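Engineer: For reference, the file final37.tsv (TSV, C-alpha atoms) is included below:
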```tsv
chain	number	residue	atom	x	y	z
M	708	MET	CA	89.27	134.61	103.35
M	709	LYS	CA	92.10	133.34	101.18
M	710	THR	CA	91.06	131.61	97.99
M	711	GLY	CA	94.22	129.56	97.96
M	712	ARG	CA	95.33	128.33	94.57
M	713	VAL	CA	91.88	128.12	93.01
M	714	PRO	CA	90.70	131.31	91.31
M	715	ILE	CA	86.94	131.88	91.37
M	716	LEU	CA	85.48	134.05	88.59
M	717	LYS	CA	82.02	135.55	88.43
M	718	ASN	CA	79.87	135.94	85.33
M	719	LYS	CA	76.44	137.45	86.09
M	720	ASP	CA	75.01	135.11	88.74
M	721	VAL	CA	77.28	132.17	87.91
M	722	LEU	CA	80.58	131.35	89.56
M	723	ILE	CA	83.16	129.80	87.27
M	724	VAL	CA	85.80	127.74	89.00
M	725	PRO	CA	88.78	126.56	86.96
M	726	VAL	CA	89.75	123.65	89.21
M	727	SER	CA	93.46	122.94	89.23
M	728	GLY	CA	95.02	119.53	89.65
M	729	ASP	CA	97.66	118.95	92.28
M	730	LEU	CA	95.65	120.41	95.11
M	731	ASP	CA	96.39	118.69	98.37
M	732	ASP	CA	93.71	117.65	100.85
M	733	LEU	CA	94.06	120.86	102.84
M	734	GLU	CA	93.88	123.11	99.78
M	735	LEU	CA	90.82	121.27	98.50
M	736	THR	CA	89.10	121.68	101.86
M	737	GLN	CA	90.01	125.37	101.99
M	738	PHE	CA	88.72	125.83	98.45
M	739	GLU	CA	85.43	124.18	99.43
M	740	LEU	CA	84.92	126.59	102.33
M	741	THR	CA	85.81	129.62	100.23
M	742	LEU	CA	83.42	128.60	97.48
M	743	LEU	CA	80.54	127.98	99.88
M	744	SER	CA	80.98	131.35	101.54
M	745	ARG	CA	81.01	133.11	98.15
M	746	VAL	CA	77.89	131.26	97.07
M	747	LYS	CA	76.12	132.58	100.16
M	748	ARG	CA	77.54	136.10	100.04
M	749	GLU	CA	77.09	136.78	96.35
M	750	GLU	CA	73.71	135.14	95.86
M	751	VAL	CA	74.81	133.10	92.87
M	752	ARG	CA	72.45	130.69	91.17
M	753	GLY	CA	74.88	128.40	89.44
M	754	ILE	CA	78.46	127.11	89.61
M	755	VAL	CA	80.62	125.66	86.89
M	756	LEU	CA	83.42	123.41	88.11
M	757	ASP	CA	85.74	123.42	85.11
M	758	VAL	CA	88.06	120.41	85.36
M	759	SER	CA	89.36	120.57	81.78
M	760	SER	CA	92.92	121.27	82.94
M	761	VAL	CA	92.92	118.47	85.52
M	762	ASP	CA	94.87	115.40	84.43
M	763	THR	CA	94.44	113.43	87.66
M	764	ILE	CA	91.30	113.11	89.75
M	765	ASP	CA	91.87	110.75	92.65
M	766	LEU	CA	89.15	109.40	94.93
M	767	PHE	CA	89.57	112.17	97.47
M	768	MET	CA	89.09	114.84	94.84
M	769	ALA	CA	86.18	112.98	93.23
M	770	ARG	CA	84.44	112.76	96.59
M	771	LYS	CA	85.10	116.42	97.29
M	772	LEU	CA	83.64	117.46	93.93
M	773	ILE	CA	80.54	115.34	94.48
M	774	ALA	CA	80.13	116.57	98.07
M	775	LEU	CA	80.52	120.13	96.88
M	776	THR	CA	77.71	119.82	94.33
M	777	GLN	CA	75.48	118.34	97.04
M	778	MET	CA	76.33	121.14	99.48
M	779	VAL	CA	75.55	123.93	97.03
M	780	GLY	CA	72.44	121.97	96.00
M	781	LEU	CA	71.20	122.39	99.57
M	782	MET	CA	71.69	126.12	99.07
M	783	ASP	CA	69.51	125.92	95.94
M	784	VAL	CA	72.46	126.41	93.58
M	785	VAL	CA	73.11	124.13	90.61
M	786	ALA	CA	76.68	122.96	90.06
M	787	VAL	CA	77.83	121.69	86.68
M	788	LEU	CA	80.99	119.65	86.22
M	789	ALA	CA	82.55	120.64	82.91
M	790	GLY	CA	85.31	119.38	80.67
M	791	ILE	CA	86.29	116.00	82.10
M	792	ARG	CA	89.14	114.69	79.95
M	793	PRO	CA	88.62	111.34	78.20
M	794	ALA	CA	91.45	109.60	80.06
M	795	VAL	CA	90.16	110.96	83.37
M	796	ALA	CA	86.65	109.70	82.54
M	797	VAL	CA	88.05	106.23	81.87
M	798	THR	CA	90.13	106.29	85.05
M	799	LEU	CA	87.23	107.42	87.25
M	800	THR	CA	85.04	104.67	85.82
M	801	ASP	CA	87.78	102.07	86.38
M	802	MET	CA	87.91	103.16	90.01
M	803	GLY	CA	84.16	102.75	90.38
M	804	VAL	CA	83.37	106.44	90.85
M	805	ARG	CA	79.69	107.26	90.27
M	806	PHE	CA	78.64	110.78	89.39
M	807	ASN	CA	74.92	110.13	89.86
M	808	ASN	CA	72.54	113.09	89.99
M	809	LEU	CA	75.27	115.39	88.78
M	810	GLN	CA	74.96	117.93	85.99
M	811	ILE	CA	77.71	117.33	83.45
M	812	ALA	CA	78.75	119.36	80.42
M	813	PRO	CA	81.49	118.72	77.85
M	814	THR	CA	82.85	122.27	77.95
M	815	LEU	CA	82.62	125.48	79.96
M	816	GLU	CA	80.46	127.05	77.23
M	817	HIS	CA	78.03	124.13	77.31
M	818	ALA	CA	77.91	124.33	81.09
M	819	ILE	CA	76.90	128.00	81.01
M	820	GLU	CA	74.23	127.25	78.39
M	821	LEU	CA	72.95	124.39	80.54
M	822	LEU	CA	72.68	126.67	83.57
M	823	GLU	CA	70.79	129.29	81.53
M	824	LYS	CA	68.35	126.59	80.47
M	825	LEU	CA	67.93	125.17	83.97
M	826	LYS	CA	67.23	128.58	85.41
M	827	GLY	CA	64.54	129.10	82.79
C	516	MET	CA	111.55	90.17	84.22
C	517	ILE	CA	114.43	92.47	83.38
C	518	SER	CA	114.76	95.75	85.26
C	519	ARG	CA	116.60	98.31	83.18
C	520	LYS	CA	116.49	101.48	85.19
C	521	THR	CA	115.69	102.21	88.81
C	522	GLU	CA	114.92	105.49	90.52
C	523	THR	CA	114.03	106.02	94.16
C	524	PHE	CA	112.09	108.90	95.67
C	525	THR	CA	111.51	109.75	99.32
C	526	VAL	CA	107.99	111.04	99.96
C	527	THR	CA	107.27	112.83	103.22
C	528	ASP	CA	105.10	115.72	102.02
C	529	LYS	CA	102.91	116.84	99.14
C	530	LYS	CA	105.81	118.57	97.37
C	531	GLU	CA	107.82	115.35	97.34
C	532	LEU	CA	104.71	113.45	96.26
C	533	VAL	CA	104.41	115.67	93.20
C	534	ALA	CA	108.13	115.31	92.43
C	535	ALA	CA	108.03	111.52	92.82
C	536	ARG	CA	105.00	111.22	90.58
C	537	LYS	CA	106.66	113.45	87.99
C	538	GLY	CA	109.77	111.27	88.08
C	539	MET	CA	107.68	108.16	87.63
C	540	MET	CA	105.70	109.64	84.76
C	541	ALA	CA	108.90	110.71	82.99
C	542	ILE	CA	109.84	107.03	82.82
C	543	ALA	CA	106.36	106.10	81.52
C	544	GLU	CA	106.53	108.83	78.89
C	545	GLU	CA	110.01	107.73	77.85
C	546	LEU	CA	108.50	104.32	77.14
C	547	GLY	CA	105.73	105.93	75.08
C	548	MET	CA	102.94	104.56	77.25
C	549	GLY	CA	100.31	106.91	75.82
C	550	PRO	CA	97.91	109.37	77.49
C	551	MET	CA	95.24	106.85	78.52
C	552	LYS	CA	97.53	104.42	80.32
C	553	GLU	CA	99.63	107.27	81.67
C	554	THR	CA	96.54	108.79	83.29
C	555	GLN	CA	95.63	105.43	84.84
C	556	LEU	CA	99.16	104.97	86.17
C	557	ARG	CA	99.37	108.56	87.44
C	558	THR	CA	96.02	108.24	89.23
C	559	ALA	CA	96.96	104.91	90.83
C	560	ALA	CA	100.25	106.42	91.98
C	561	THR	CA	98.48	109.51	93.35
C	562	GLU	CA	96.17	107.26	95.34
C	563	LEU	CA	99.00	105.12	96.74
C	564	LEU	CA	101.31	108.05	97.47
C	565	SER	CA	98.48	109.92	99.22
C	566	ASN	CA	97.78	106.83	101.34
C	567	MET	CA	101.46	106.72	102.20
C	568	LEU	CA	101.26	110.30	103.52
C	569	ARG	CA	97.84	109.96	105.19
C	570	PHE	CA	98.27	106.58	106.84
C	571	GLY	CA	101.92	105.60	106.59
C	572	GLY	CA	103.62	108.79	107.70
C	573	GLY	CA	105.44	109.04	104.37
C	574	GLY	CA	107.65	106.51	102.68
C	575	LYS	CA	109.59	105.60	99.60
C	576	LEU	CA	108.73	105.12	95.94
C	577	THR	CA	110.95	102.99	93.73
C	578	VAL	CA	110.30	103.15	90.00
C	579	GLU	CA	111.71	100.71	87.48
C	580	ASN	CA	111.63	100.47	83.73
C	581	VAL	CA	110.94	96.76	83.26
C	582	GLU	CA	110.82	94.32	80.38
C	583	TYR	CA	109.12	90.92	80.34
C	584	LYS	CA	108.92	88.82	77.18
C	585	ASN	CA	107.75	91.35	74.60
C	586	LEU	CA	106.29	93.78	77.13
C	587	ASN	CA	107.74	97.05	78.36
C	588	GLY	CA	106.39	98.85	81.34
C	589	VAL	CA	106.76	100.59	84.64
C	590	ARG	CA	106.99	98.81	87.96
C	591	ALA	CA	106.48	100.98	91.02
C	592	THR	CA	107.02	99.97	94.63
C	593	PHE	CA	105.43	102.02	97.40
C	594	GLU	CA	106.82	101.33	100.87
C	595	ASP	CA	106.06	102.91	104.21
C	596	GLN	CA	106.87	102.13	107.81
C	597	GLY	CA	103.43	103.08	109.06
C	598	PRO	CA	101.03	101.12	111.27
C	599	GLY	CA	100.16	98.63	108.53
C	600	ILE	CA	96.73	97.43	107.44
C	601	ALA	CA	94.92	95.17	109.91
C	602	ASP	CA	92.43	93.62	107.51
C	603	ILE	CA	93.74	93.66	103.94
C	604	ASP	CA	90.67	91.90	102.52
C	605	ALA	CA	88.39	94.51	104.03
C	606	ALA	CA	90.64	97.33	102.83
C	607	MET	CA	90.64	95.89	99.32
C	608	LYS	CA	86.86	95.60	99.30
C	609	GLN	CA	86.31	99.16	100.44
C	610	GLY	CA	85.04	100.80	97.27
C	611	PHE	CA	84.12	104.28	96.26
C	612	SER	CA	80.57	104.07	97.57
C	613	THR	CA	81.32	102.31	100.83
C	614	GLY	CA	84.53	104.05	101.83
C	615	ASN	CA	84.66	107.01	104.14
C	616	SER	CA	86.00	110.32	102.90
C	617	LEU	CA	89.55	109.08	103.34
C	618	GLY	CA	88.92	105.66	101.82
C	619	HIS	CA	92.05	103.83	100.82
C	620	GLY	CA	90.93	103.52	97.22
C	621	LEU	CA	92.88	100.28	96.93
C	622	SER	CA	90.33	98.33	94.91
C	623	GLY	CA	89.97	101.26	92.53
C	624	CYS	CA	93.74	101.39	92.19
C	625	LYS	CA	93.94	97.72	91.39
C	626	ASN	CA	91.64	98.23	88.41
C	627	LEU	CA	93.96	100.86	86.96
C	628	VAL	CA	97.11	98.74	86.69
C	629	ASP	CA	98.13	95.33	85.31
C	630	THR	CA	99.55	93.85	88.51
C	631	PHE	CA	98.86	94.89	92.08
C	632	ASP	CA	100.55	93.21	95.01
C	633	LEU	CA	100.00	94.38	98.55
C	634	THR	CA	101.81	93.15	101.64
C	635	SER	CA	101.41	94.67	105.05
C	636	SER	CA	102.44	93.78	108.56
C	637	LEU	CA	101.02	95.43	111.63
C	638	GLY	CA	103.39	97.88	113.26
C	639	LYS	CA	105.94	97.47	110.49
C	640	GLY	CA	104.45	98.98	107.38
C	641	THR	CA	102.88	98.45	104.02
C	642	ARG	CA	104.32	97.63	100.63
C	643	VAL	CA	102.45	97.87	97.33
C	644	VAL	CA	104.01	96.81	94.02
C	645	ILE	CA	102.22	97.73	90.81
C	646	THR	CA	103.08	97.17	87.17
C	647	LYS	CA	101.65	98.97	84.17
C	648	TRP	CA	102.52	97.64	80.72
C	649	CYS	CA	102.64	99.87	77.65
```
As structure tokens, please, write out the structure in this file.
Structural biologist:
Amino acid sequence: MKTGRVPILKNKDVLIVPVSGDLDDLELTQFELTLLSRVKREEVRGIVLDVSSVDTIDLFMARKLIALTQMVGLMDVVAVLAGIRPAVAVTLTDMGVRFNNLQIAPTLEHAIELLEKLKG
Amino acid sequence: MISRKTETFTVTDKKELVAARKGMMAIAEELGMGPMKETQLRTAATELLSNMLRFGGGGKLTVENVEYKNLNGVRATFEDQGPGIADIDAAMKQGFSTGNSLGHGLSGCKNLVDTFDLTSSLGKGTRVVITKWC
């Protein structure tokens, strides 16, 4: 399956996903399917969605990211959203986006530490 | 309000959306809007341009560098000739938690900019004018 424009890296049993901005609806949907199939195939235990290079998160993308963490949650995998930029945080809050029940970390490194801790 | 510079972009696909947004942001950056307000403007524009593609079948973005009293800013007009919005009040109320996966995100958009003016007529299209001051 094509991974499209989102590279997915693997570190031990954690998938690291440097999410890029400027993905259209179709690319985001394709990325979602690719990620889910890799989670299943490679028996990962955690995912880091690294959004530190993303300067625009619109509602569609926010919903996709939230849905994605719920989907992998059903597969007993923890997803951590890492590196939200300050201006993006303000913008998402202005738009009323709620990231309830979501694991958040300031950086990729913190996200990996958090996953280590959660896995015990 | 004085309009000093006007640029128009046709948006019929994602590539043109990105180009239009880039053109708009170049004007905001020229004005020295700053990263916080630029992100708010860029996100609002992304939302409105995406709506234009999803619901309006594409359209046109007009960007102006405007001045009013001691304020400088960007005024952006998003126009499409799509089906229009039947119930504007309902569309404006549709928030992040209540909207479906393709929610219009209009109320969220409104919070990101200083003025937000939406007009729509059924079968003719939708027009949204936003202003973001520096």
Engineer: Based on only C-alpha atoms, which of the residues in chain M come within 7 Å of chain C? I want them as an NGL selection string.
Structural biologist: :M and (731 or 762-767 or 770 or 794-795 or 798 or 801-804)
Engineer: Could you save the residues just selected, with C-alpha atoms, as a PDB file, in the frame of the given file?
Structural biologist:
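Everything below was put into again-v7.pdb:
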```pdb
ATOM      1  CA  ASP M 731      96.390 118.690  98.370  1.00  0.00           C
ATOM      2  CA  ASP M 762      94.870 115.400  84.430  1.00  0.00           C
ATOM      3  CA  THR M 763      94.440 113.430  87.660  1.00  0.00           C
ATOM      4  CA  ILE M 764      91.300 113.110  89.750  1.00  0.00           C
ATOM      5  CA  ASP M 765      91.870 110.750  92.650  1.00  0.00           C
ATOM      6  CA  LEU M 766      89.150 109.400  94.930  1.00  0.00           C
ATOM      7  CA  PHE M 767      89.570 112.170  97.470  1.00  0.00           C
ATOM      8  CA  ARG M 770      84.440 112.760  96.590  1.00  0.00           C
ATOM      9  CA  ALA M 794      91.450 109.600  80.060  1.00  0.00           C
ATOM     10  CA  VAL M 795      90.160 110.960  83.370  1.00  0.00           C
ATOM     11  CA  THR M 798      90.130 106.290  85.050  1.00  0.00           C
ATOM     12  CA  ASP M 801      87.780 102.070  86.380  1.00  0.00           C
ATOM     13  CA  MET M 802      87.910 103.160  90.010  1.00  0.00           C
ATOM     14  CA  GLY M 803      84.160 102.750  90.380  1.00  0.00           C
ATOM     15  CA  VAL M 804      83.370 106.440  90.850  1.00  0.00           C
TER      16      VAL M 804
END
```
Engineer: Choose the residue, out of C:Ile600, C:Met607, C:Met540, C:Val589, that has the smallest atom-to-atom separation from Trp648 of chain C; count only C-alpha atoms.
Structural biologist: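 Counting only C-alpha atoms, the residue closest to Trp648 of chain C is C:Val589.
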Engineer: Which one is closest to Thr736 of chain M: M:Val713, M:Val797, M:Val758, M:Val751? Count only C-alpha atoms.
Structural biologist: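 Going through M:Val713, M:Val797, M:Val758, M:Val751 one by one, the smallest distance to Thr736 of chain M is for M:Val713.
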Engineer: Would you kindly return, as a ChimeraX atom specification, each protein, DNA or RNA residue with an atom no farther than 10 Å from any atom of Glu749 of chain M, considering only C-alpha atoms and excluding same-chain residues fewer than 6 positions away?
Structural biologist: /M:717,720-722
Engineer: Store the residues picked out above in a file with C-alpha atoms, as a PDB file, in the frame of the given file.
Structural biologist:
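Contents of selection07.pdb, freshly written:
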```
ATOM      1  CA  LYS M 717      82.020 135.550  88.430  1.00  0.00           C
ATOM      2  CA  ASP M 720      75.010 135.110  88.740  1.00  0.00           C
ATOM      3  CA  VAL M 721      77.280 132.170  87.910  1.00  0.00           C
ATOM      4  CA  LEU M 722      80.580 131.350  89.560  1.00  0.00           C
TER       5      LEU M 722
END
```
Engineer: Using atom CA of Ile542 of chain C and atom CA of Thr592 of chain C as the two end points, give the distance in Å to one decimal.
Structural biologist: 14.0 Å
Engineer: Using Å and a single decimal, report how far atom CA of Leu586 of chain C sits from atom CA of Ala543 of chain C.
Structural biologist: 13.1 Å
Engineer: Using all atoms listed in the file, which residue out of C:Glu594, C:Glu544, C:Lys537, C:Glu579 lies closest to Thr525 of chain C?
Structural biologist: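 Closest candidate: C:Glu594.
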Engineer: Starting from the incomplete input, reconstruct all heavy atoms of segment 537-548 of chain C and write that as an mmCIF file, in the coordinates of the input.
Structural biologist:
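Output (part03.cif):
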```
data_model
loop_
_atom_site.group_PDB
_atom_site.id
_atom_site.type_symbol
_atom_site.label_atom_id
_atom_site.label_comp_id
_atom_site.auth_asym_id
_atom_site.auth_seq_id
_atom_site.Cartn_x
_atom_site.Cartn_y
_atom_site.Cartn_z
ATOM 1 N N LYS C 537 106.096 112.890 89.229
ATOM 2 C CA LYS C 537 106.660 113.450 87.990
ATOM 3 C C LYS C 537 107.801 112.560 87.494
ATOM 4 O O LYS C 537 107.903 112.268 86.302
ATOM 5 C CB LYS C 537 107.161 114.873 88.281
ATOM 6 C CG LYS C 537 107.103 115.785 87.088
ATOM 7 C CD LYS C 537 107.377 117.212 87.513
ATOM 8 C CE LYS C 537 107.850 118.037 86.329
ATOM 9 N NZ LYS C 537 108.327 119.360 86.732
ATOM 10 N N GLY C 538 108.643 112.132 88.438
ATOM 11 C CA GLY C 538 109.770 111.270 88.080
ATOM 12 C C GLY C 538 109.284 109.948 87.500
ATOM 13 O O GLY C 538 109.845 109.434 86.524
ATOM 14 N N MET C 539 108.236 109.412 88.108
ATOM 15 C CA MET C 539 107.680 108.160 87.630
ATOM 16 C C MET C 539 107.080 108.331 86.237
ATOM 17 O O MET C 539 107.294 107.507 85.339
ATOM 18 C CB MET C 539 106.590 107.671 88.595
ATOM 19 C CG MET C 539 106.031 106.315 88.219
ATOM 20 S SD MET C 539 104.559 105.907 89.175
ATOM 21 C CE MET C 539 103.401 106.938 88.340
ATOM 22 N N MET C 540 106.357 109.418 86.050
ATOM 23 C CA MET C 540 105.700 109.640 84.760
ATOM 24 C C MET C 540 106.711 109.910 83.648
ATOM 25 O O MET C 540 106.458 109.594 82.486
ATOM 26 C CB MET C 540 104.686 110.786 84.861
ATOM 27 C CG MET C 540 103.472 110.467 85.725
ATOM 28 S SD MET C 540 102.801 108.799 85.514
ATOM 29 C CE MET C 540 102.231 108.878 83.810
ATOM 30 N N ALA C 541 107.861 110.486 84.011
ATOM 31 C CA ALA C 541 108.900 110.710 82.990
ATOM 32 C C ALA C 541 109.350 109.380 82.412
ATOM 33 O O ALA C 541 109.571 109.254 81.199
ATOM 34 C CB ALA C 541 110.079 111.457 83.618
ATOM 35 N N ILE C 542 109.441 108.364 83.280
ATOM 36 C CA ILE C 542 109.840 107.030 82.820
ATOM 37 C C ILE C 542 108.744 106.426 81.932
ATOM 38 O O ILE C 542 109.023 105.844 80.888
ATOM 39 C CB ILE C 542 110.158 106.121 84.032
ATOM 40 C CG1 ILE C 542 111.436 106.650 84.714
ATOM 41 C CG2 ILE C 542 110.324 104.661 83.609
ATOM 42 C CD1 ILE C 542 111.854 105.904 85.946
ATOM 43 N N ALA C 543 107.481 106.622 82.325
ATOM 44 C CA ALA C 543 106.360 106.100 81.520
ATOM 45 C C ALA C 543 106.324 106.778 80.150
ATOM 46 O O ALA C 543 106.097 106.133 79.127
ATOM 47 C CB ALA C 543 105.043 106.323 82.255
ATOM 48 N N GLU C 544 106.572 108.086 80.151
ATOM 49 C CA GLU C 544 106.530 108.830 78.890
ATOM 50 C C GLU C 544 107.686 108.425 77.981
ATOM 51 O O GLU C 544 107.535 108.321 76.770
ATOM 52 C CB GLU C 544 106.579 110.343 79.163
ATOM 53 C CG GLU C 544 105.220 110.887 79.601
ATOM 54 C CD GLU C 544 105.309 112.230 80.318
ATOM 55 O OE1 GLU C 544 106.267 112.982 80.056
ATOM 56 O OE2 GLU C 544 104.421 112.513 81.156
ATOM 57 N N GLU C 545 108.830 108.182 78.598
ATOM 58 C CA GLU C 545 110.010 107.730 77.850
ATOM 59 C C GLU C 545 109.694 106.422 77.108
ATOM 60 O O GLU C 545 110.160 106.191 75.994
ATOM 61 C CB GLU C 545 111.127 107.445 78.860
ATOM 62 C CG GLU C 545 112.505 107.943 78.473
ATOM 63 C CD GLU C 545 113.446 107.784 79.650
ATOM 64 O OE1 GLU C 545 113.938 106.654 79.855
ATOM 65 O OE2 GLU C 545 113.660 108.770 80.383
ATOM 66 N N LEU C 546 108.871 105.598 77.746
ATOM 67 C CA LEU C 546 108.500 104.320 77.140
ATOM 68 C C LEU C 546 107.389 104.495 76.102
ATOM 69 O O LEU C 546 107.055 103.545 75.397
ATOM 70 C CB LEU C 546 107.998 103.357 78.223
ATOM 71 C CG LEU C 546 109.052 102.732 79.121
ATOM 72 C CD1 LEU C 546 108.390 102.067 80.316
ATOM 73 C CD2 LEU C 546 109.873 101.720 78.343
ATOM 74 N N GLY C 547 106.815 105.682 76.024
ATOM 75 C CA GLY C 547 105.730 105.930 75.080
ATOM 76 C C GLY C 547 104.457 105.199 75.476
ATOM 77 O O GLY C 547 103.800 104.551 74.663
ATOM 78 N N MET C 548 104.094 105.301 76.743
ATOM 79 C CA MET C 548 102.940 104.560 77.250
ATOM 80 C C MET C 548 101.620 105.058 76.658
ATOM 81 O O MET C 548 100.693 104.290 76.459
ATOM 82 C CB MET C 548 102.924 104.669 78.776
ATOM 83 C CG MET C 548 101.990 103.712 79.453
ATOM 84 S SD MET C 548 102.221 103.738 81.225
ATOM 85 C CE MET C 548 103.412 102.439 81.452
#
```
